[in-house]
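Chemist: Structure supplied as query_5.txt; contents: compact mmCIF, C-alpha atoms and all ligand atoms.
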```
# COMPACT_ATOMS: atom_id res chain seq x y z
CA MET I 1 72.24 -57.25 25.55
CA PHE I 2 71.96 -60.51 27.48
CA ASP I 3 74.65 -60.57 30.15
CA VAL I 4 74.79 -64.05 31.61
CA GLN I 5 77.36 -63.12 34.26
CA LYS I 6 75.03 -60.42 35.56
CA ILE I 7 72.12 -62.88 35.55
CA ARG I 8 74.15 -65.47 37.46
CA LYS I 9 74.63 -62.99 40.32
CA ASP I 10 70.86 -63.26 40.91
CA PHE I 11 71.20 -66.98 41.77
CA PRO I 12 73.05 -67.44 45.08
CA ILE I 13 73.09 -71.24 44.74
CA LEU I 14 75.29 -71.00 41.66
CA ASN I 15 78.14 -69.82 43.90
CA ARG I 16 78.23 -72.96 45.99
CA LYS I 17 80.60 -75.87 45.72
CA VAL I 18 79.55 -79.49 45.49
CA ASN I 19 82.07 -82.13 46.46
CA GLY I 20 84.70 -79.38 46.57
CA LYS I 21 84.05 -78.24 43.00
CA PRO I 22 82.04 -75.27 41.70
CA LEU I 23 78.47 -76.38 41.07
CA VAL I 24 77.52 -76.91 37.43
CA TYR I 25 73.75 -77.27 37.54
CA PHE I 26 72.44 -79.05 34.45
CA ASP I 27 69.31 -80.58 35.99
CA ASN I 28 67.01 -77.70 35.16
CA ALA I 29 64.33 -79.86 33.54
CA ALA I 30 63.84 -81.48 36.96
CA THR I 31 63.70 -78.15 38.78
CA SER I 32 65.07 -74.71 38.08
CA GLN I 33 67.00 -72.55 40.52
CA THR I 34 65.51 -69.56 42.33
CA PRO I 35 66.75 -65.99 41.90
CA GLN I 36 67.28 -63.71 44.90
CA GLN I 37 64.35 -61.55 43.74
CA VAL I 38 62.00 -64.51 44.30
CA ILE I 39 63.72 -65.61 47.52
CA ASP I 40 63.22 -62.05 48.82
CA VAL I 41 59.48 -62.25 48.09
CA ILE I 42 59.25 -65.52 50.04
CA VAL I 43 61.19 -64.07 52.99
CA ASP I 44 59.08 -60.89 52.91
CA TYR I 45 55.86 -62.93 53.02
CA TYR I 46 56.88 -64.94 56.09
CA THR I 47 58.53 -61.95 57.74
CA ASN I 48 55.77 -59.44 57.25
CA TYR I 49 52.33 -60.68 56.22
CA ASN I 50 51.96 -64.45 56.67
CA ALA I 51 48.21 -65.06 57.18
CA ASN I 52 45.42 -67.21 55.84
CA ILE I 53 43.58 -65.74 52.87
CA HIS I 54 39.95 -65.08 51.93
CA ARG I 55 39.01 -65.59 55.58
CA GLY I 56 40.11 -62.90 57.99
CA VAL I 57 38.88 -59.33 58.30
CA HIS I 58 42.23 -58.42 59.79
CA SER I 59 44.87 -56.48 57.86
CA LEU I 60 47.42 -59.27 57.54
CA SER I 61 44.85 -61.57 55.97
CA GLN I 62 43.80 -58.86 53.56
CA GLU I 63 47.39 -58.10 52.56
CA ALA I 64 48.05 -61.79 51.92
CA THR I 65 44.78 -62.14 49.98
CA ASP I 66 45.59 -59.11 47.84
CA ALA I 67 49.09 -60.35 47.04
CA TYR I 68 47.82 -63.85 46.21
CA GLU I 69 45.07 -62.54 43.93
CA GLN I 70 47.43 -60.02 42.32
CA ALA I 71 49.73 -62.93 41.51
CA ARG I 72 46.79 -64.74 39.89
CA ILE I 73 46.28 -61.71 37.65
CA LYS I 74 49.97 -61.65 36.76
CA ILE I 75 49.76 -65.33 35.83
CA GLN I 76 46.56 -64.68 33.84
CA LYS I 77 48.30 -61.91 31.89
CA HIS I 78 51.39 -64.01 31.34
CA PHE I 79 49.38 -66.80 29.70
CA ASN I 80 46.92 -64.34 28.14
CA ALA I 81 43.91 -66.08 29.69
CA LYS I 82 40.66 -64.21 29.16
CA GLN I 83 39.72 -64.12 32.87
CA PRO I 84 41.66 -64.38 36.17
CA TYR I 85 39.24 -67.09 37.32
CA GLU I 86 40.36 -69.32 34.46
CA ILE I 87 43.64 -69.64 36.39
CA ILE I 88 43.31 -72.31 39.08
CA TYR I 89 46.14 -72.58 41.59
CA THR I 90 47.36 -76.15 41.99
CA ALA I 91 50.23 -77.93 43.69
CA GLY I 92 51.86 -78.37 40.28
CA THR I 93 51.49 -80.03 36.90
CA THR I 94 50.64 -83.46 38.29
CA HIS I 95 47.88 -82.01 40.47
CA GLY I 96 46.43 -80.03 37.53
CA ILE I 97 46.29 -83.09 35.28
CA ASN I 98 44.68 -85.21 38.00
CA LEU I 99 42.10 -82.48 38.64
CA VAL I 100 41.02 -82.57 34.98
CA ALA I 101 41.24 -86.37 34.66
CA THR I 102 39.13 -86.92 37.75
CA GLY I 103 36.62 -84.30 36.60
CA PHE I 104 36.08 -86.08 33.30
CA THR I 105 34.90 -89.24 35.07
CA SER I 106 31.33 -88.01 34.95
CA LEU I 107 31.65 -86.64 31.40
CA LEU I 108 32.85 -89.78 29.57
CA ASN I 109 31.05 -92.93 28.49
CA LYS I 110 32.20 -96.47 27.78
CA GLY I 111 33.80 -96.61 24.33
CA ASP I 112 34.83 -92.93 24.27
CA GLU I 113 38.41 -92.51 23.12
CA ILE I 114 41.28 -90.59 24.70
CA ILE I 115 44.53 -89.88 22.86
CA VAL I 116 47.91 -89.32 24.51
CA SER I 117 51.31 -89.15 22.85
CA ALA I 118 54.25 -91.53 22.98
CA LEU I 119 56.32 -88.67 24.39
CA GLU I 120 54.46 -88.20 27.65
CA HIS I 121 55.74 -87.99 31.21
CA HIS I 122 54.07 -90.54 33.51
CA SER I 123 52.00 -87.66 34.92
CA ASN I 124 50.29 -87.35 31.55
CA ILE I 125 49.76 -91.11 31.12
CA VAL I 126 48.76 -92.65 34.44
CA PRO I 127 45.85 -90.29 35.34
CA TRP I 128 44.28 -91.01 31.91
CA GLN I 129 44.74 -94.76 32.34
CA MET I 130 42.99 -94.43 35.70
CA LEU I 131 40.22 -92.40 34.01
CA CYS I 132 39.82 -95.18 31.39
CA GLU I 133 39.55 -97.78 34.17
CA ARG I 134 36.81 -95.74 35.84
CA THR I 135 34.81 -95.00 32.69
CA GLY I 136 35.52 -97.76 30.15
CA ALA I 137 37.06 -95.20 27.78
CA ILE I 138 39.86 -96.39 25.47
CA LEU I 139 43.39 -94.97 25.52
CA LYS I 140 45.16 -94.52 22.17
CA VAL I 141 48.73 -93.37 21.58
CA ILE I 142 50.23 -91.09 18.91
CA PRO I 143 53.44 -92.90 17.95
CA MET I 144 56.87 -91.26 17.60
CA ASN I 145 59.77 -91.68 15.17
CA GLN I 146 63.46 -92.30 15.89
CA ASP I 147 64.15 -88.56 16.13
CA GLY I 148 61.60 -88.30 18.94
CA GLU I 149 58.98 -86.50 16.85
CA LEU I 150 55.29 -87.38 16.85
CA ILE I 151 54.06 -89.00 13.63
CA LEU I 152 51.25 -86.63 12.72
CA PRO I 153 49.54 -88.65 9.94
CA GLU I 154 49.11 -91.40 12.55
CA PHE I 155 47.54 -88.87 14.90
CA ASP I 156 45.14 -87.83 12.12
CA ALA I 157 44.20 -91.48 11.62
CA LEU I 158 43.41 -91.94 15.34
CA LEU I 159 40.89 -89.09 15.39
CA ASN I 160 37.21 -89.92 14.97
CA GLU I 161 33.82 -88.96 16.38
CA ASN I 162 34.52 -91.04 19.52
CA THR I 163 37.63 -89.00 20.39
CA LYS I 164 36.75 -86.91 23.43
CA LEU I 165 40.12 -85.83 24.79
CA VAL I 166 43.68 -85.36 23.56
CA PHE I 167 46.63 -84.96 25.93
CA VAL I 168 50.06 -83.97 24.83
CA ASN I 169 53.04 -82.22 26.32
CA HIS I 170 54.25 -79.01 24.76
CA ILE I 171 57.87 -80.08 25.25
CA SER I 172 59.10 -83.57 26.10
CA ASN I 173 61.03 -83.68 29.37
CA ALA I 174 63.08 -86.69 28.31
CA LEU I 175 64.07 -85.59 24.79
CA GLY I 176 63.37 -81.86 24.53
CA THR I 177 61.11 -82.22 21.46
CA ILE I 178 58.81 -79.25 20.94
CA ASN I 179 55.50 -80.73 19.84
CA PRO I 180 53.34 -79.08 17.16
CA ILE I 181 50.54 -78.36 19.58
CA GLU I 182 48.89 -75.78 17.28
CA TYR I 183 48.29 -78.55 14.72
CA ILE I 184 47.20 -81.05 17.38
CA ILE I 185 44.71 -78.62 18.93
CA GLU I 186 43.19 -77.67 15.58
CA LYS I 187 42.79 -81.30 14.47
CA ALA I 188 41.39 -82.41 17.83
CA HIS I 189 38.86 -79.59 17.79
CA SER I 190 37.77 -80.58 14.28
CA VAL I 191 36.29 -83.78 15.79
CA GLY I 192 35.00 -81.99 18.89
CA ALA I 193 37.68 -83.27 21.30
CA ALA I 194 39.09 -81.15 24.13
CA VAL I 195 42.87 -80.75 24.48
CA LEU I 196 45.02 -80.57 27.59
CA VAL I 197 48.60 -79.44 27.07
CA ASP I 198 51.18 -80.34 29.70
CA GLY I 199 53.35 -77.24 29.80
CA ALA I 200 55.71 -78.37 32.57
CA GLN I 201 58.72 -78.17 30.26
CA SER I 202 57.62 -75.40 27.92
CA CYS I 203 56.88 -72.64 30.43
CA PRO I 204 60.55 -72.16 31.39
CA HIS I 205 61.50 -71.61 27.75
CA LEU I 206 58.59 -69.96 25.95
CA LYS I 207 55.49 -67.95 26.67
CA PRO I 208 52.30 -69.73 25.66
CA ASP I 209 49.29 -67.65 24.64
CA VAL I 210 46.35 -69.84 25.62
CA GLN I 211 43.82 -67.80 23.65
CA ALA I 212 45.88 -67.82 20.44
CA LEU I 213 46.46 -71.56 20.89
CA ASP I 214 42.74 -72.04 21.59
CA VAL I 215 43.81 -74.75 24.06
CA ASP I 216 41.19 -76.08 26.49
CA PHE I 217 43.52 -76.81 29.42
CA TYR I 218 47.16 -75.90 30.02
CA VAL I 219 49.09 -76.97 33.13
CA CYS I 220 52.48 -76.09 34.58
CA SER I 221 54.60 -76.03 37.77
CA ALA I 222 56.23 -72.92 39.23
CA HIS I 223 59.37 -74.78 40.25
CA LYS I 224 60.42 -75.21 36.62
CA ILE I 225 60.11 -71.44 36.04
CA CYS I 226 62.38 -70.06 38.78
CA GLY I 227 59.57 -70.29 41.34
CA PRO I 228 59.10 -72.52 44.40
CA THR I 229 58.01 -76.16 44.53
CA GLY I 230 54.48 -77.16 45.54
CA VAL I 231 52.61 -74.65 43.41
CA GLY I 232 51.48 -74.44 39.81
CA VAL I 233 48.46 -73.54 37.77
CA LEU I 234 45.80 -75.11 35.66
CA TYR I 235 44.46 -72.84 32.94
CA GLY I 236 41.04 -73.96 31.75
CA LYS I 237 38.60 -72.33 29.37
CA GLU I 238 35.72 -71.00 31.42
CA GLU I 239 33.17 -73.24 29.68
CA TRP I 240 35.17 -76.35 30.59
CA LEU I 241 35.83 -75.28 34.17
CA GLN I 242 32.10 -74.69 34.60
CA LYS I 243 31.36 -78.20 33.29
CA LEU I 244 33.90 -80.04 35.45
CA PRO I 245 32.83 -80.98 38.97
CA PRO I 246 35.01 -79.93 41.95
CA TYR I 247 38.08 -82.07 42.53
CA GLN I 248 38.30 -81.92 46.31
CA GLY I 249 35.74 -80.95 48.92
CA GLY I 250 36.55 -78.72 51.89
CA GLY I 251 36.86 -75.13 53.01
CA GLU I 252 36.96 -72.32 50.45
CA MET I 253 35.26 -74.27 47.66
CA ILE I 254 31.72 -73.99 48.99
CA ASP I 255 28.81 -71.60 48.71
CA GLN I 256 26.43 -73.05 51.34
CA VAL I 257 26.85 -76.20 53.45
CA THR I 258 24.08 -78.06 55.23
CA PHE I 259 23.91 -81.74 56.10
CA GLU I 260 21.30 -82.14 53.39
CA LYS I 261 23.11 -80.39 50.55
CA THR I 262 26.18 -78.36 49.71
CA THR I 263 26.41 -75.83 46.91
CA TYR I 264 29.76 -74.88 45.47
CA ALA I 265 31.59 -71.61 45.09
CA GLY I 266 32.14 -70.14 41.65
CA LEU I 267 35.42 -70.14 39.75
CA PRO I 268 38.23 -70.32 40.67
CA HIS I 269 37.41 -71.26 44.28
CA LYS I 270 35.36 -74.32 43.30
CA PHE I 271 38.70 -76.03 42.52
CA GLU I 272 40.73 -74.55 45.38
CA ALA I 273 39.67 -76.44 48.52
CA GLY I 274 41.64 -75.86 51.71
CA THR I 275 44.40 -73.43 52.59
CA PRO I 276 46.54 -73.10 49.48
CA ASN I 277 50.25 -72.52 49.08
CA ILE I 278 49.80 -68.78 49.58
CA CYS I 279 53.45 -67.83 49.63
CA GLY I 280 54.05 -70.15 46.67
CA GLY I 281 51.41 -68.42 44.57
CA ILE I 282 52.83 -64.98 45.36
CA ALA I 283 56.36 -66.18 44.61
CA PHE I 284 55.16 -67.73 41.34
CA GLY I 285 54.00 -64.27 40.26
CA ALA I 286 57.41 -62.86 41.22
CA ALA I 287 59.17 -65.59 39.23
CA LEU I 288 57.17 -64.71 36.12
CA ASP I 289 58.07 -61.04 36.65
CA TYR I 290 61.71 -62.05 36.82
CA MET I 291 61.57 -64.14 33.64
CA ASN I 292 59.53 -61.52 31.75
CA ASN I 293 62.04 -58.84 32.70
CA ILE I 294 64.71 -60.82 30.89
CA GLY I 295 62.27 -61.65 28.06
CA PHE I 296 61.33 -65.04 26.70
CA ASP I 297 62.70 -64.32 23.21
CA THR I 298 66.07 -63.45 24.73
CA ILE I 299 65.93 -66.57 26.90
CA ALA I 300 65.07 -68.85 23.95
CA LYS I 301 67.80 -67.39 21.74
CA TYR I 302 70.49 -67.85 24.38
CA GLU I 303 69.34 -71.32 25.40
CA ASN I 304 69.38 -72.41 21.74
CA GLU I 305 73.01 -71.32 21.55
CA LEU I 306 73.75 -73.48 24.61
CA LEU I 307 71.87 -76.39 23.05
CA ASP I 308 73.79 -76.14 19.76
CA TYR I 309 77.13 -75.78 21.51
CA GLY I 310 76.47 -78.63 23.95
CA THR I 311 75.27 -80.93 21.15
CA GLU I 312 78.29 -80.13 19.00
CA GLU I 313 80.78 -80.73 21.83
CA LEU I 314 79.09 -83.94 23.00
CA LEU I 315 79.06 -85.44 19.52
CA LYS I 316 82.86 -85.02 19.36
CA ILE I 317 83.15 -87.70 22.05
CA GLU I 318 83.41 -91.22 20.70
CA GLY I 319 80.49 -93.47 21.60
CA VAL I 320 78.04 -90.68 22.46
CA LYS I 321 74.53 -91.24 21.17
CA ILE I 322 71.97 -88.48 21.58
CA TYR I 323 68.32 -89.45 21.94
CA GLY I 324 65.95 -86.77 20.74
CA THR I 325 67.11 -85.18 17.51
CA ALA I 326 63.88 -83.44 16.55
CA LYS I 327 64.15 -80.39 14.31
CA GLU I 328 62.24 -78.38 16.92
CA LYS I 329 63.76 -78.94 20.33
CA THR I 330 64.68 -77.08 23.45
CA SER I 331 67.78 -77.10 25.66
CA VAL I 332 67.62 -80.72 26.81
CA ILE I 333 70.24 -83.25 25.75
CA SER I 334 69.57 -86.89 26.56
CA PHE I 335 72.40 -89.23 25.74
CA ASN I 336 74.31 -92.41 26.48
CA VAL I 337 77.93 -93.37 26.00
CA GLY I 338 78.47 -96.84 24.53
CA SER I 339 77.23 -99.45 26.93
CA ILE I 340 78.13 -97.52 30.10
CA HIS I 341 75.20 -97.31 32.52
CA PRO I 342 73.89 -93.71 32.78
CA TYR I 343 73.78 -93.95 36.57
CA ASP I 344 77.54 -94.65 36.74
CA ILE I 345 78.34 -91.58 34.66
CA GLY I 346 75.90 -89.43 36.67
CA THR I 347 77.52 -90.51 39.93
CA ILE I 348 81.03 -89.66 38.77
CA LEU I 349 79.88 -86.31 37.34
CA ASP I 350 78.38 -85.49 40.73
CA LYS I 351 81.77 -86.10 42.35
CA MET I 352 83.04 -83.37 40.02
CA GLY I 353 80.29 -80.95 41.03
CA ILE I 354 78.09 -81.52 37.99
CA ALA I 355 74.37 -82.17 38.47
CA VAL I 356 72.60 -84.08 35.68
CA ARG I 357 69.64 -86.42 35.84
CA THR I 358 70.00 -90.08 34.94
CA GLY I 359 67.39 -92.80 34.47
CA HIS I 360 64.07 -93.00 32.66
CA HIS I 361 63.02 -89.42 33.55
CA CYS I 362 59.48 -90.58 34.42
CA ALA I 363 59.01 -91.44 30.75
CA GLN I 364 59.49 -95.21 30.62
CA PRO I 365 57.63 -95.68 27.32
CA ILE I 366 60.24 -93.48 25.60
CA MET I 367 63.05 -95.59 27.03
CA ASP I 368 61.22 -98.75 25.92
CA PHE I 369 60.90 -97.29 22.42
CA TYR I 370 64.69 -96.88 22.22
CA LYS I 371 65.24 -100.17 24.08
CA ILE I 372 67.45 -98.55 26.71
CA PRO I 373 67.15 -98.47 30.52
CA GLY I 374 67.63 -94.73 30.66
CA THR I 375 69.79 -91.81 29.60
CA ILE I 376 71.98 -89.10 31.04
CA ARG I 377 70.08 -85.84 30.71
CA ALA I 378 71.77 -82.44 30.69
CA SER I 379 69.21 -79.64 30.65
CA PHE I 380 70.19 -75.98 30.40
CA MET I 381 68.59 -72.74 31.54
CA PHE I 382 69.47 -69.16 30.67
CA TYR I 383 71.84 -68.88 33.65
CA ASN I 384 74.11 -71.65 32.36
CA THR I 385 77.20 -70.88 30.30
CA LYS I 386 79.34 -72.33 27.53
CA GLU I 387 82.20 -72.47 30.05
CA GLU I 388 80.08 -74.78 32.20
CA ILE I 389 79.48 -76.96 29.16
CA ASP I 390 83.28 -77.12 28.68
CA THR I 391 83.69 -78.20 32.33
CA PHE I 392 81.00 -80.83 31.83
CA ILE I 393 82.66 -82.20 28.68
CA VAL I 394 86.05 -82.50 30.41
CA ALA I 395 84.42 -84.24 33.39
CA LEU I 396 82.44 -86.55 31.11
CA LYS I 397 85.61 -87.60 29.30
CA LYS I 398 87.23 -88.38 32.67
CA ALA I 399 84.18 -90.41 33.71
CA ILE I 400 84.28 -92.37 30.46
CA MET I 401 87.97 -93.11 30.95
CA MET I 402 87.33 -94.35 34.48
CA LEU I 403 84.45 -96.58 33.41
CA SER I 404 85.92 -98.01 30.19
N1 LIG B 1 59.45 -83.56 35.22
C1 LIG B 1 61.80 -84.10 35.19
O1 LIG B 1 62.89 -84.31 35.74
P1 LIG B 1 55.46 -81.91 38.78
O2 LIG B 1 56.30 -82.98 39.41
O3 LIG B 1 53.99 -82.11 39.05
O4 LIG B 1 55.94 -80.52 39.04
O5 LIG B 1 55.66 -82.10 37.18
C2 LIG B 1 55.41 -83.35 36.58
C3 LIG B 1 55.78 -83.30 35.14
C4 LIG B 1 54.78 -83.40 34.20
N2 LIG B 1 55.04 -83.31 32.89
C5 LIG B 1 56.28 -83.11 32.43
C6 LIG B 1 56.51 -82.97 30.96
C7 LIG B 1 57.34 -83.01 33.33
O6 LIG B 1 58.58 -82.82 32.88
C8 LIG B 1 57.10 -83.14 34.72
C9 LIG B 1 58.22 -83.12 35.71
C10 LIG B 1 60.64 -83.60 36.02
O7 LIG B 1 61.65 -84.29 33.99
C11 LIG B 1 60.52 -84.36 37.30
S1 LIG B 1 59.98 -86.01 37.05
```
What would the structure in this file look like if it were written as structure tokens?
Ligand code: C6P
Modeler:
Amino acid sequence: MFDVQKIRKDFPILNRKVNGKPLVYFDNAATSQTPQQVIDVIVDYYTNYNANIHRGVHSLSQEATDAYEQARIKIQKHFNAKQPYEIIYTAGTTHGINLVATGFTSLLNKGDEIIVSALEHHSNIVPWQMLCERTGAILKVIPMNQDGELILPEFDALLNENTKLVFVNHISNALGTINPIEYIIEKAHSVGAAVLVDGAQSCPHLKPDVQALDVDFYVCSAHKICGPTGVGVLYGKEEWLQKLPPYQGGGEMIDQVTFEKTTYAGLPHKFEAGTPNICGGIAFGAALDYMNNIGFDTIAKYENELLDYGTEELLKIEGVKIYGTAKEKTSVISFNVGSIHPYDIGTILDKMGIAVRTGHHCAQPIMDFYKIPGTIRASFMFYNTKEEIDTFIVALKKAIMMLS
């Protein structure tokens, strides 16, 4: 039985007040909150075994190295990667995408084609545009419909023998659409293109199996999955990670260095130059333990209930328009109320203790598609409640009254 009140006790921040009111945190798509179990792991690291890894012969360094590499194995198992060295620690989703995009500079030729989707976050647009500028490759876009779903026949029509790469998010951060990545991966592979899936928004809500998906690259950030900021992972199929050149040069990523020539370390170290976010990696492993203990099926079922309830209650308010009405979506509701600016509503909600995100959500092309400057985005996690949605609806009605 899923007991949300018991779960909420794990999150100390949910007890705090904001502007004198109990916090209602509905900005989970931006960053999730951290349970005490993960905070304890962070405190334990800095209290007891903070040391640099892979370097020292001393005990502290070995303890830190063991914990960091054990976390890599946990992450490998979570995503069902074949090998631990297919898991590359990064600073987050953006870093992972840039690592791959930069690596492909030497693998693309002028006239090669890259496909992204209309639903992408800027992190999954700009690095590919920069790659096109460097290589002369051409960027193509899978269009979307009014519900915020990708138009798959148009994707099929874009594919040809020049298509080398396809980039798509698993779940849209701005609309919550769950994209049919199984279909996209299969079709892309049929023309020999590699696929990178941006899992920043999917990993908090579902458990991807990278081998079953047969995806070439999958990226995510720990801070969206109850872990700390500044750490994430890039999963890459071994064959691709072998082909890509290193992203950054420095300590840890080398085999031999002379002034004449440097040879590189094997996977995963080839992509992990410099001292990493050691504590972050260990805490990421702890966050996955925490989420897996609850269970991703349980999480998805409960969050869908919140999504349905929130949608139903919002639509009772006159003037509310929800953007993102895909059949397959997760617990993100993006909306506007009449012609009221989203920022004004967000500011008043904050005064009542309610945290939502307003604006273009780093997805300007989606806002351009709907011809709006931005939306108010309420995004739920498994520690939110229907009572919080009720509080939010009452506060929203007050905000609308004040601004009308
Ligand atoms: N989206 C949001 O409020 P980083 O910042 O590297 O951890 O993640 C970037 C990123 C990439 N792709 C998607 C689909 C994302 O949602 C995000 C982060 C946050 O929607 C902050 S902009």
Chemist: Name each residue within 6 Å of ligand LIG 1 (chain B), counting all atoms listed in the file, as a PDB file with C-alpha atoms, keeping the file's coordinate frame.
Modeler:
```
ATOM      1  CA  ALA I  29      64.330 -79.860  33.540  1.00  0.00           C
ATOM      2  CA  ALA I  30      63.840 -81.480  36.960  1.00  0.00           C
ATOM      3  CA  GLY I  92      51.860 -78.370  40.280  1.00  0.00           C
ATOM      4  CA  THR I  93      51.490 -80.030  36.900  1.00  0.00           C
ATOM      5  CA  THR I  94      50.640 -83.460  38.290  1.00  0.00           C
ATOM      6  CA  HIS I 121      55.740 -87.990  31.210  1.00  0.00           C
ATOM      7  CA  SER I 123      52.000 -87.660  34.920  1.00  0.00           C
ATOM      8  CA  ASN I 169      53.040 -82.220  26.320  1.00  0.00           C
ATOM      9  CA  SER I 172      59.100 -83.570  26.100  1.00  0.00           C
ATOM     10  CA  ASN I 173      61.030 -83.680  29.370  1.00  0.00           C
ATOM     11  CA  ASP I 198      51.180 -80.340  29.700  1.00  0.00           C
ATOM     12  CA  ALA I 200      55.710 -78.370  32.570  1.00  0.00           C
ATOM     13  CA  GLN I 201      58.720 -78.170  30.260  1.00  0.00           C
ATOM     14  CA  SER I 221      54.600 -76.030  37.770  1.00  0.00           C
ATOM     15  CA  HIS I 361      63.020 -89.420  33.550  1.00  0.00           C
ATOM     16  CA  CYS I 362      59.480 -90.580  34.420  1.00  0.00           C
TER      17      CYS I 362
END
```
Chemist: Give as a PDB file with C-alpha atoms, keeping the file's coordinate frame the set of residues within 12 Å of the point (34.1, -85.0, 47.0), where distances use the file's coordinates and all atoms listed in the file.
Modeler:
```pdb
ATOM      1  CA  LEU I  99      42.100 -82.480  38.640  1.00  0.00           C
ATOM      2  CA  THR I 102      39.130 -86.920  37.750  1.00  0.00           C
ATOM      3  CA  GLY I 103      36.620 -84.300  36.600  1.00  0.00           C
ATOM      4  CA  PRO I 245      32.830 -80.980  38.970  1.00  0.00           C
ATOM      5  CA  PRO I 246      35.010 -79.930  41.950  1.00  0.00           C
ATOM      6  CA  TYR I 247      38.080 -82.070  42.530  1.00  0.00           C
ATOM      7  CA  GLN I 248      38.300 -81.920  46.310  1.00  0.00           C
ATOM      8  CA  GLY I 249      35.740 -80.950  48.920  1.00  0.00           C
ATOM      9  CA  GLY I 250      36.550 -78.720  51.890  1.00  0.00           C
ATOM     10  CA  GLY I 251      36.860 -75.130  53.010  1.00  0.00           C
ATOM     11  CA  MET I 253      35.260 -74.270  47.660  1.00  0.00           C
ATOM     12  CA  ILE I 254      31.720 -73.990  48.990  1.00  0.00           C
ATOM     13  CA  THR I 262      26.180 -78.360  49.710  1.00  0.00           C
ATOM     14  CA  THR I 263      26.410 -75.830  46.910  1.00  0.00           C
ATOM     15  CA  TYR I 264      29.760 -74.880  45.470  1.00  0.00           C
ATOM     16  CA  LYS I 270      35.360 -74.320  43.300  1.00  0.00           C
ATOM     17  CA  PHE I 271      38.700 -76.030  42.520  1.00  0.00           C
ATOM     18  CA  ALA I 273      39.670 -76.440  48.520  1.00  0.00           C
TER      19      ALA I 273
END
```
Chemist: Between I:Thr65, I:Gln36, I:Ala378, I:Gly310, which residue has the minimum interatomic distance to Lys9 in chain I, considering only C-alpha atoms?
Modeler: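 Using only C-alpha atoms, the shortest distance to Lys9 in chain I belongs to I:Gln36.
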Chemist: Which neighbours of Gly359 in chain I fall inside 7 Å, counting all atoms listed in the file, when residues of the same chain fewer than 6 positions from it are skipped, and could you give them as a list in words?
Modeler: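 Counting only the stated atoms, we get Pro342, Tyr343, Pro373, Gly374, Thr375 and Ile376 of chain I.
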Chemist: Near Phe155 in chain I, counting only C-alpha atoms, which residues have an atom at most 12 Å away, once you skip same-chain residues fewer than 4 positions from it, shown as a ChimeraX atom specification?
Modeler: /I:114-118,140-144,149-151,159-160,163,166-168,180-181,183-185,187-188
Chemist: Grab the CA of Lys74 in chain I to CA of Leu196 in chain I distance for me, in Å with one decimal place.
Modeler: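 We find that CA of Lys74 in chain I and CA of Leu196 in chain I lie 21.6 Å from each other.
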Chemist: Nearest residue to Ile42 in chain I out of I:Phe284, I:Tyr89, I:Tyr25, I:Phe104, using all atoms listed in the file?
Modeler: I:Phe284
Chemist: List as JSON lines every residue of range 62-174 of chain I that is in contact with range 290-309 of chain I, defined as an atom at most 12 Å from one of its atoms (using all atoms listed in the file), together with the nearest atom pair and the distance in Å rounded to one decimal, sorted by chain and then rising number.
Modeler:
```
{"residue": "I:Lys74", "atom": "CA", "partner": "I:Asn292", "partner_atom": "CA", "distance": 10.8}
{"residue": "I:Ile75", "atom": "CA", "partner": "I:Asn292", "partner_atom": "CA", "distance": 11.3}
{"residue": "I:Lys77", "atom": "CA", "partner": "I:Asn292", "partner_atom": "CA", "distance": 11.2}
{"residue": "I:His78", "atom": "CA", "partner": "I:Asn292", "partner_atom": "CA", "distance": 8.5}
{"residue": "I:Phe79", "atom": "CA", "partner": "I:Asn292", "partner_atom": "CA", "distance": 11.6}
```
Chemist: In Å, how far is it from CA of Ile39 in chain I to CA of Ala286 in chain I?
Modeler: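 Distance between the two atoms: 9.3 Å.
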Chemist: Around the point (58.8, -72.9, 45.8) in the file's coordinates, collect all residues with an atom within 12 Å, using all atoms listed in the file, and return them as a PyMOL selection string.
Modeler: chain I and resi 31-35+38-39+41-43+91-92+221-232+277-287
Chemist: Measure the distance from CA of Asp390 in chain I to CA of Val24 in chain I in Å and round it to one decimal.
Modeler: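 We find that CA of Asp390 in chain I and CA of Val24 in chain I lie 10.5 Å from each other.
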Chemist: Just checking: using only C-alpha atoms, which residue out of I:Leu213, I:Ala157, I:Met130, I:Leu119 ends up closest to Ala363 in chain I?
Modeler: I:Leu119
Chemist: Find the residues near Thr135 in chain I: any atom within 10 Å, counting all atoms listed in the file, skip ones fewer than 4 places away on the same chain, and give them as a PyMOL selection string.
Modeler: chain I and resi 104-112+129-131
Chemist: For Asn80 in chain I, which of I:His360, I:Lys164, I:His95, I:Lys207 is the closest residue, counting only C-alpha atoms?
Modeler: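 Checking each of I:His360, I:Lys164, I:His95, I:Lys207 against Asn80 in chain I, counting only C-alpha atoms, the winner is I:Lys207.
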Chemist: Nearest to Leu315 in chain I among I:Arg55, I:Lys397, I:His269, I:Arg357, with distances taken over only C-alpha atoms: which residue is it?
Modeler: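 Ranking I:Arg55, I:Lys397, I:His269, I:Arg357 by distance to Leu315 in chain I, first place goes to I:Lys397.
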Chemist: List as a PDB file with C-alpha atoms, keeping the file's coordinate frame the protein and nucleic acid residues near Glu239 in chain I, meaning an atom at most 10 Å away when all atoms listed in the file are counted, but skip any in the same chain fewer than 4 places from it.
Modeler:
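Saved as part_32.pdb:
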```
ATOM      1  CA  GLU I  86      40.360 -69.320  34.460  1.00  0.00           C
ATOM      2  CA  ASP I 216      41.190 -76.080  26.490  1.00  0.00           C
ATOM      3  CA  LYS I 243      31.360 -78.200  33.290  1.00  0.00           C
ATOM      4  CA  LEU I 244      33.900 -80.040  35.450  1.00  0.00           C
TER       5      LEU I 244
END
```
